[in-house]
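The file model32.txt comes next; it holds compact mmCIF, C-alpha atoms.
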```
# COMPACT_ATOMS: atom_id res chain seq x y z
CA MET A 1 39.87 43.29 -53.90
CA THR A 2 37.93 42.27 -50.81
CA SER A 3 34.72 43.88 -52.00
CA SER A 4 35.04 42.39 -55.48
CA VAL A 5 35.48 38.89 -54.08
CA ALA A 6 32.56 39.34 -51.71
CA ASP A 7 30.34 40.83 -54.43
CA THR A 8 31.16 38.01 -56.83
CA THR A 9 30.55 35.38 -54.18
CA MET A 10 27.22 36.83 -53.09
CA SER A 11 26.15 37.32 -56.70
CA VAL A 12 26.82 33.70 -57.56
CA GLY A 13 25.27 32.54 -54.29
CA SER A 14 22.06 34.45 -55.01
CA ARG A 15 21.64 32.52 -58.26
CA VAL A 16 21.81 29.03 -56.79
CA GLY A 17 18.60 27.28 -55.93
CA ARG A 18 17.30 26.05 -52.63
CA TYR A 19 18.34 22.47 -53.45
CA PHE A 20 21.92 23.49 -54.22
CA SER A 21 22.12 25.72 -51.15
CA LEU A 22 21.08 22.99 -48.71
CA VAL A 23 22.42 19.83 -50.34
CA SER A 24 25.70 21.20 -51.67
CA MET A 25 26.67 24.37 -49.82
CA VAL A 26 26.06 23.32 -46.22
CA PRO A 27 28.10 20.05 -46.31
CA SER A 28 30.82 21.77 -48.34
CA LEU A 29 31.00 24.59 -45.79
CA PHE A 30 31.62 22.05 -43.03
CA LEU A 31 34.44 20.45 -45.04
CA VAL A 32 36.06 23.80 -45.79
CA LEU A 33 35.84 25.04 -42.19
CA TRP A 34 37.21 21.78 -40.79
CA THR A 35 40.12 21.80 -43.24
CA ALA A 36 40.80 25.46 -42.49
CA ALA A 37 40.89 24.72 -38.74
CA LEU A 38 43.40 21.91 -39.30
CA THR A 39 45.56 24.17 -41.45
CA ALA A 40 45.38 27.14 -39.06
CA SER A 41 46.44 24.95 -36.12
CA ASN A 42 49.47 23.64 -38.06
CA ALA A 43 48.16 20.07 -37.84
CA TRP A 44 49.99 19.14 -41.05
CA ALA A 45 53.40 20.10 -39.63
CA GLY A 46 53.07 18.60 -36.15
CA LYS A 47 50.79 18.56 -33.15
CA PRO A 48 47.92 21.06 -33.38
CA ASP A 49 48.60 24.38 -31.68
CA ILE A 50 45.43 25.72 -30.07
CA ASP A 51 46.94 29.17 -29.49
CA THR A 52 47.77 29.50 -33.18
CA LEU A 53 44.18 28.53 -34.03
CA LYS A 54 42.84 31.15 -31.59
CA ASP A 55 45.06 33.82 -33.14
CA TRP A 56 43.80 32.91 -36.61
CA LEU A 57 40.17 33.09 -35.48
CA ALA A 58 40.76 36.47 -33.86
CA ALA A 59 42.25 37.81 -37.10
CA VAL A 60 39.38 36.66 -39.36
CA SER A 61 38.29 39.51 -41.61
CA VAL A 62 35.56 40.13 -44.15
CA ARG A 63 38.04 39.23 -46.87
CA THR A 64 38.77 35.90 -45.21
CA VAL A 65 35.06 35.12 -44.89
CA ALA A 66 34.51 36.02 -48.54
CA TRP A 67 37.30 33.72 -49.67
CA MET A 68 35.94 30.93 -47.47
CA VAL A 69 32.49 31.30 -48.99
CA LEU A 70 33.97 31.33 -52.49
CA LEU A 71 36.01 28.21 -51.73
CA THR A 72 32.88 26.54 -50.34
CA LEU A 73 31.04 27.34 -53.56
CA ILE A 74 33.87 25.86 -55.64
CA VAL A 75 33.89 22.65 -53.56
CA ALA A 76 30.11 22.44 -53.79
CA LEU A 77 30.21 22.85 -57.57
CA PHE A 78 32.69 20.00 -57.87
CA LEU A 79 30.74 17.71 -55.52
CA HIS A 80 27.30 18.45 -56.96
CA PRO A 81 27.67 16.32 -60.14
CA LEU A 82 28.94 13.45 -57.98
CA GLN A 83 25.73 13.20 -55.95
CA PHE A 84 24.40 10.21 -57.88
CA ALA A 85 27.76 8.42 -57.68
CA MET A 86 27.98 9.05 -53.93
CA THR A 87 24.50 7.65 -53.38
CA ARG A 88 25.28 4.58 -55.47
CA LEU A 89 28.49 4.05 -53.51
CA LEU A 90 26.64 4.14 -50.19
CA GLU A 91 23.97 1.83 -51.62
CA GLY A 92 26.60 -0.82 -52.28
CA TYR A 93 27.21 -0.70 -56.03
CA TRP A 94 30.97 -1.16 -55.85
CA GLY A 95 31.84 -2.58 -59.25
CA SER A 96 33.00 -5.97 -60.47
CA SER A 97 36.70 -6.02 -59.65
CA LEU A 98 38.12 -8.75 -57.43
CA PRO A 99 38.40 -6.54 -54.32
CA ALA A 100 34.85 -5.31 -54.93
CA ARG A 101 33.53 -8.86 -55.29
CA VAL A 102 35.23 -9.90 -52.04
CA ALA A 103 33.79 -6.89 -50.19
CA LEU A 104 30.34 -7.49 -51.69
CA ARG A 105 30.34 -11.15 -50.72
CA TRP A 106 31.38 -10.32 -47.17
CA ARG A 107 28.83 -7.55 -46.65
CA ILE A 108 25.94 -9.28 -48.41
CA GLY A 109 26.67 -12.45 -46.46
CA ARG A 110 26.52 -10.47 -43.24
CA HIS A 111 23.13 -9.00 -44.12
CA ARG A 112 21.81 -12.38 -45.29
CA ARG A 113 22.74 -13.92 -41.95
CA ARG A 114 21.16 -11.00 -40.12
CA HIS A 115 18.00 -11.36 -42.19
CA ALA A 116 17.87 -15.10 -41.39
CA ARG A 117 18.33 -14.43 -37.66
CA LEU A 118 15.53 -11.87 -37.69
CA LYS A 119 13.18 -14.28 -39.46
CA LYS A 120 14.02 -17.01 -36.96
CA ARG A 121 13.52 -14.66 -34.02
CA MET A 122 10.23 -13.48 -35.46
CA LYS A 123 8.98 -17.06 -35.77
CA ALA A 124 9.99 -17.79 -32.16
CA LEU A 125 8.13 -14.71 -30.92
CA GLU A 126 5.11 -15.62 -33.04
CA ASP A 127 5.06 -19.09 -31.50
CA ARG A 128 5.26 -17.69 -27.98
CA TRP A 129 2.62 -15.11 -28.84
CA ARG A 130 0.21 -17.70 -30.22
CA SER A 131 0.86 -20.20 -27.44
CA GLY A 132 0.21 -17.64 -24.70
CA LEU A 133 -2.90 -16.31 -26.40
CA ASP A 134 -4.31 -19.80 -26.91
CA LYS A 135 -3.99 -20.54 -23.19
CA ILE A 136 -5.67 -17.31 -22.11
CA LEU A 137 -8.48 -17.43 -24.66
CA THR A 138 -9.10 -21.13 -24.05
CA GLY A 139 -9.26 -20.45 -20.31
CA ARG A 140 -11.87 -17.78 -20.99
CA GLY A 141 -13.85 -20.20 -23.13
CA THR A 142 -13.14 -18.18 -26.29
CA ASP A 143 -12.13 -19.66 -29.61
CA PRO A 144 -8.47 -18.66 -30.30
CA ASP A 145 -9.42 -18.07 -33.94
CA ASP A 146 -11.59 -15.16 -32.76
CA PHE A 147 -8.58 -13.21 -31.53
CA ASP A 148 -9.28 -10.19 -33.74
CA SER A 149 -12.58 -9.55 -31.99
CA GLU A 150 -11.03 -10.26 -28.57
CA ARG A 151 -7.88 -8.19 -29.10
CA ALA A 152 -9.04 -4.94 -27.49
CA PRO A 153 -10.64 -6.56 -24.40
CA LEU A 154 -7.54 -8.72 -23.90
CA PHE A 155 -5.10 -5.82 -23.86
CA GLU A 156 -7.35 -3.79 -21.60
CA SER A 157 -7.34 -6.61 -19.04
CA GLU A 158 -4.62 -7.62 -16.59
CA ASP A 159 -3.74 -10.57 -18.81
CA GLY A 160 -2.72 -8.10 -21.51
CA ASN A 161 0.20 -6.90 -19.38
CA ARG A 162 1.94 -10.21 -20.05
CA PHE A 163 1.99 -9.51 -23.77
CA THR A 164 2.96 -5.86 -23.99
CA GLY A 165 6.71 -6.54 -24.18
CA LEU A 166 6.22 -9.45 -26.55
CA HIS A 167 3.98 -7.36 -28.77
CA ALA A 168 6.49 -4.49 -28.88
CA ALA A 169 9.33 -6.92 -29.72
CA ARG A 170 7.33 -8.36 -32.62
CA GLU A 171 6.64 -4.89 -34.00
CA SER A 172 10.32 -3.95 -33.68
CA ILE A 173 11.50 -7.00 -35.61
CA TYR A 174 8.79 -6.47 -38.19
CA ALA A 175 10.00 -2.90 -38.77
CA THR A 176 13.59 -4.10 -39.14
CA LEU A 177 12.60 -6.80 -41.62
CA ASN A 178 10.75 -4.18 -43.65
CA ALA A 179 14.11 -2.51 -44.28
CA TYR A 180 15.08 -5.50 -46.43
CA PRO A 181 13.82 -6.24 -49.96
CA ALA A 182 10.30 -7.59 -50.04
CA LEU A 183 10.16 -9.49 -53.34
CA TYR A 184 10.45 -13.27 -53.18
CA PRO A 185 13.05 -14.58 -52.74
CA ALA A 186 13.95 -11.51 -50.74
CA ARG A 187 17.39 -12.72 -49.69
CA ASP A 188 18.50 -12.90 -53.33
CA ARG A 189 17.98 -9.13 -53.62
CA ILE A 190 19.85 -8.12 -50.47
CA LEU A 191 22.49 -5.42 -50.97
CA PRO A 192 25.67 -4.93 -48.90
CA THR A 193 24.55 -1.76 -47.07
CA ARG A 194 21.61 -0.60 -44.98
CA LEU A 195 20.95 2.30 -47.35
CA GLY A 196 20.89 0.01 -50.37
CA ASN A 197 18.49 -2.39 -48.68
CA ALA A 198 16.20 0.44 -47.54
CA LEU A 199 15.96 1.84 -51.07
CA ARG A 200 15.53 -1.57 -52.68
CA SER A 201 12.84 -2.50 -50.17
CA GLY A 202 10.95 0.63 -51.16
CA GLU A 203 11.50 -0.07 -54.86
CA ASP A 204 10.03 -3.55 -54.45
CA SER A 205 6.95 -2.42 -52.53
CA ALA A 206 6.08 0.92 -54.20
CA GLY A 207 3.45 0.29 -56.87
CA ARG A 208 3.52 -3.44 -56.31
CA PRO A 209 -0.25 -3.76 -55.59
CA TYR A 210 -0.88 -2.45 -59.13
CA GLY A 211 1.85 -4.39 -60.94
CA ILE A 212 3.94 -1.20 -61.33
CA ASP A 213 7.73 -1.12 -61.28
CA ALA A 214 8.59 2.07 -59.38
CA ILE A 215 11.95 2.49 -61.12
CA LEU A 216 10.39 2.34 -64.59
CA ILE A 217 7.40 4.57 -63.88
CA ALA A 218 9.13 7.25 -61.74
CA PRO A 219 10.32 9.49 -64.64
CA HIS A 220 6.84 9.50 -66.17
CA LEU A 221 5.23 10.33 -62.83
CA ALA A 222 7.54 13.27 -62.32
CA LEU A 223 6.23 14.83 -65.54
CA VAL A 224 2.49 14.33 -65.05
CA ALA A 225 1.97 14.41 -61.28
CA GLU A 226 0.45 17.43 -59.57
CA GLU A 227 2.89 20.14 -58.59
CA SER A 228 2.22 19.68 -54.86
CA HIS A 229 2.95 15.97 -55.19
CA VAL A 230 6.17 16.60 -57.11
CA ARG A 231 7.22 19.13 -54.48
CA TYR A 232 6.54 16.59 -51.73
CA LEU A 233 8.65 14.04 -53.62
CA ARG A 234 11.41 16.58 -54.22
CA ASP A 235 11.58 17.57 -50.56
CA SER A 236 11.87 13.92 -49.51
CA ARG A 237 14.64 13.36 -52.04
CA GLN A 238 16.41 16.51 -50.85
CA GLN A 239 16.55 15.16 -47.30
CA LEU A 240 18.11 11.95 -48.58
CA ASP A 241 20.66 13.77 -50.74
CA THR A 242 21.62 16.10 -47.89
CA ALA A 243 22.22 13.18 -45.51
CA VAL A 244 24.29 11.35 -48.14
CA ARG A 245 26.40 14.44 -48.86
CA LEU A 246 26.99 15.08 -45.14
CA CYS A 247 28.03 11.46 -44.71
CA VAL A 248 30.57 11.65 -47.54
CA VAL A 249 32.13 15.02 -46.66
CA SER A 250 32.34 14.06 -42.99
CA PHE A 251 34.17 10.89 -43.96
CA VAL A 252 36.54 12.93 -46.14
CA ALA A 253 37.17 15.18 -43.11
CA PHE A 254 37.84 12.04 -41.07
CA LEU A 255 40.46 10.90 -43.59
CA LEU A 256 42.11 14.33 -43.65
CA THR A 257 42.19 14.45 -39.84
CA THR A 258 43.61 10.94 -39.60
CA GLY A 259 46.31 11.79 -42.15
CA GLY A 260 47.27 15.01 -40.37
CA LEU A 261 47.25 13.64 -36.80
CA LEU A 262 48.38 10.06 -37.33
CA THR A 263 51.68 10.54 -35.49
CA ASP A 264 50.44 13.05 -32.91
CA GLY A 265 49.37 10.70 -30.13
CA TRP A 266 46.10 11.47 -28.39
CA TRP A 267 45.34 14.24 -30.86
CA LEU A 268 44.32 11.50 -33.27
CA LEU A 269 41.11 11.13 -31.23
CA LEU A 270 39.92 14.36 -32.89
CA ALA A 271 39.30 12.22 -35.96
CA MET A 272 36.39 10.63 -34.07
CA ILE A 273 34.41 13.88 -34.39
CA PRO A 274 33.99 13.78 -38.20
CA TYR A 275 33.75 9.99 -38.08
CA THR A 276 30.83 10.19 -35.64
CA LEU A 277 29.17 12.85 -37.79
CA SER A 278 29.62 10.61 -40.83
CA TYR A 279 28.02 7.65 -39.03
CA VAL A 280 25.10 9.74 -37.77
CA ALA A 281 24.57 11.19 -41.25
CA TYR A 282 24.62 7.69 -42.74
CA ARG A 283 21.97 6.44 -40.35
CA ALA A 284 19.98 9.58 -41.14
CA SER A 285 20.27 8.73 -44.84
CA VAL A 286 18.80 5.28 -44.15
CA ALA A 287 15.83 6.84 -42.37
CA SER A 288 15.47 9.44 -45.14
CA ALA A 289 15.53 6.67 -47.75
CA ALA A 290 12.56 4.99 -46.08
CA ASP A 291 10.67 8.31 -46.02
CA TYR A 292 11.56 8.96 -49.66
CA MET A 293 10.28 5.58 -50.83
CA VAL A 294 7.05 6.17 -48.90
CA ALA A 295 6.73 9.42 -50.86
CA VAL A 296 7.34 7.54 -54.12
CA ALA A 297 4.68 4.97 -53.24
CA THR A 298 2.20 7.72 -52.34
CA VAL A 299 2.79 9.62 -55.59
CA ILE A 300 2.27 6.37 -57.53
CA ASP A 301 -1.00 5.73 -55.69
CA LEU A 302 -2.36 9.19 -56.48
CA ASN A 303 -1.06 9.77 -60.01
CA ARG A 304 -0.81 6.45 -61.83
CA PHE A 305 -4.06 7.06 -63.75
CA LYS A 306 -2.60 10.27 -65.13
CA VAL A 307 0.25 8.21 -66.58
CA TYR A 308 -2.24 5.82 -68.18
CA GLU A 309 -4.17 8.72 -69.66
CA ARG A 310 -1.08 10.43 -71.07
CA LEU A 311 0.05 7.12 -72.61
CA HIS A 312 -3.45 6.70 -74.09
CA ILE A 313 -3.93 3.39 -72.33
CA GLU A 314 -7.46 2.33 -71.52
CA LEU A 315 -8.20 2.92 -67.86
CA PRO A 316 -8.77 -0.32 -65.93
CA ASP A 317 -12.02 -1.13 -64.18
CA SER A 318 -10.43 -3.12 -61.36
CA THR A 319 -7.07 -3.73 -59.73
CA ALA A 320 -6.96 -7.21 -61.30
CA GLU A 321 -7.37 -5.71 -64.76
CA GLU A 322 -4.83 -3.01 -63.89
CA ARG A 323 -2.23 -5.61 -62.94
CA ARG A 324 -2.78 -7.52 -66.18
CA SER A 325 -2.37 -4.35 -68.23
CA ASN A 326 0.70 -3.23 -66.29
CA ARG A 327 2.50 -6.52 -66.93
CA LYS A 328 2.66 -5.53 -70.59
CA LEU A 329 3.25 -1.85 -69.89
CA MET A 330 6.24 -2.53 -67.65
CA LYS A 331 7.78 -4.72 -70.36
CA LEU A 332 7.39 -1.94 -72.91
CA LEU A 333 8.89 0.64 -70.58
CA ASP A 334 11.87 -1.58 -69.80
CA GLU A 335 14.08 -0.40 -72.66
CA GLU A 336 16.95 -2.77 -71.88
CA ARG A 337 14.79 -5.82 -72.49
CA THR A 338 12.38 -4.40 -75.08
CA ILE A 339 14.91 -4.55 -77.90
CA HIS A 340 15.62 -8.24 -77.43
CA ARG A 341 12.51 -9.81 -75.96
CA ASN A 342 9.42 -7.65 -76.08
CA ARG A 343 8.90 -6.85 -79.74
CA LYS A 344 5.70 -8.89 -79.72
CA VAL A 345 4.21 -7.14 -76.67
CA SER A 346 1.17 -5.14 -77.73
CA ILE A 347 -1.09 -2.81 -75.77
CA GLY A 348 -4.33 -1.38 -77.09
CA TYR A 349 -4.63 2.40 -77.07
CA ARG A 350 -7.69 4.49 -76.28
CA HIS A 351 -7.25 7.90 -77.86
CA PRO A 352 -9.40 10.82 -76.75
CA ALA A 353 -12.11 11.87 -79.17
CA THR A 354 -11.06 14.70 -81.48
CA VAL A 355 -12.81 18.02 -81.12
CA ASP A 356 -14.75 19.07 -84.23
CA THR A 357 -15.12 22.85 -84.39
CA SER A 358 -17.79 22.62 -87.12
CA GLY A 359 -20.40 21.48 -84.64
CA THR A 360 -20.53 17.88 -85.84
CA PRO A 361 -20.44 15.41 -82.93
CA PRO A 362 -17.02 13.71 -82.58
CA THR A 363 -16.64 10.22 -84.01
CA PRO A 364 -16.25 7.57 -81.29
CA PRO A 365 -12.95 5.70 -81.39
CA GLY A 366 -13.08 2.52 -83.48
CA ASN A 367 -16.07 3.64 -85.70
CA PRO A 368 -15.74 4.93 -89.27
```
As structure tokens, the full file:
Amino acid sequence: MTSSVADTTMSVGSRVGRYFSLVSMVPSLFLVLWTAALTASNAWAGKPDIDTLKDWLAAVSVRTVAWMVLLTLIVALFLHPLQFAMTRLLEGYWGSSLPARVALRWRIGRHRRRHARLKKRMKALEDRWRSGLDKILTGRGTDPDDFDSERAPLFESEDGNRFTGLHAARESIYATLNAYPALYPARDRILPTRLGNALRSGEDSAGRPYGIDAILIAPHLALVAEESHVRYLRDSRQQLDTAVRLCVVSFVAFLLTTGGLLTDGWWLLLAMIPYTLSYVAYRASVASAADYMVAVATVIDLNRFKVYERLHIELPDSTAEERRSNRKLMKLLDEERTIHRNRKVSIGYRHPATVDTSGTPPTPPGNP
């Protein structure tokens, strides 16, 4: 029986991909091991017994390990289809019920106030920065408007020491503001969570210089981009999914620990371990989201012309022409609005010349 369970488990495990192994199996293994430790220590019946847990660990056999791996695989299989829902939940898409609307209003209001404070603080630092620079440059007999050319000499001098902290503070606030949506008015697009704002900020900025909506163009890019670029995008997404899954399963472990140790006095502090892991994983997901959206923007930069070619759209000669063309293209790709509003949108196609095997030169497009 032991060998059959182990063989079956290893056989199934050898068939799962790298994505499933990292994103699904590793977080699920943590949840299974944590739950097993709670059960082995009799945490559900009373205060945890460390001696009982030690005895259980000492008696672990190959059969037990095989069953644990099999249980981990089952949990991973159930959690895997929920990855998108878990990400959306952490982004802040909580539905339209009354409790959800109250929670959304509270959290979005908090982020709106934080965004306003950051903008105000940035303006104050900018004023101090400009005022101090004007005094120094005027004292040197230099026009303050020529700061760009005087920047390096200023920071190499003793006077530059006065601005190092101010400069670092400005950069810090600027980086924090970049984690919020960039489209105007940005505060109308703020979501209730850090993860949601990080992803939306990337969605707003990726492809924006070319008039491209990253959400609409992403599926097309995934099909035509170079394999190395798709792999780079997939790896970035895998980091985000792993962090999200770790956050969720750690929070589930926190709930299980709280339920099992709620009446056990100081033992309840053990619940802080999975809670801390959940918080760290969530902050890691926010950082991974920023990296992922950078990857999306990079893939758009390098592969957007391949999309145009595959759609048989005439390649633009300038970024201005590209933006004009993409205004129509994005409307056509937006299926939700195309049915009702965009029936009159028309884009000219430029089909490749057909190959004539008889030796006759191909007919240029548009000529009889």
Residue contacts of Ile313 of chain A (7 Å, all atoms listed in the file) excluding same-chain residues fewer than 5 positions away, as a PyMOL selection string: chain A and resi 308+348-350
Would you export the selected residues with C-alpha atoms as a PDB file, in the frame of the given file, please?
```pdb
ATOM      1  CA  TYR A 308      -2.240   5.820 -68.180  1.00  0.00           C
ATOM      2  CA  GLY A 348      -4.330  -1.380 -77.090  1.00  0.00           C
ATOM      3  CA  TYR A 349      -4.630   2.400 -77.070  1.00  0.00           C
ATOM      4  CA  ARG A 350      -7.690   4.490 -76.280  1.00  0.00           C
TER       5      ARG A 350
END
```
Between atom CA of Leu177 of chain A and atom CA of Ala198 of chain A, what is the distance in Å, rounded to a tenth?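 These two atoms are separated by 10.0 Å.
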Excluding Thr276 of chain A and any residue of its chain fewer than 3 positions from it, enumerate the residues within 10 Å of it, using all atoms listed in the file, and give them as a list in words.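 Listed by chain and then number, they are Cys247, Ser250, Phe251, Phe254, Ala271, Met272, Ile273, Tyr279, Val280, Ala281 and Tyr282 of chain A.
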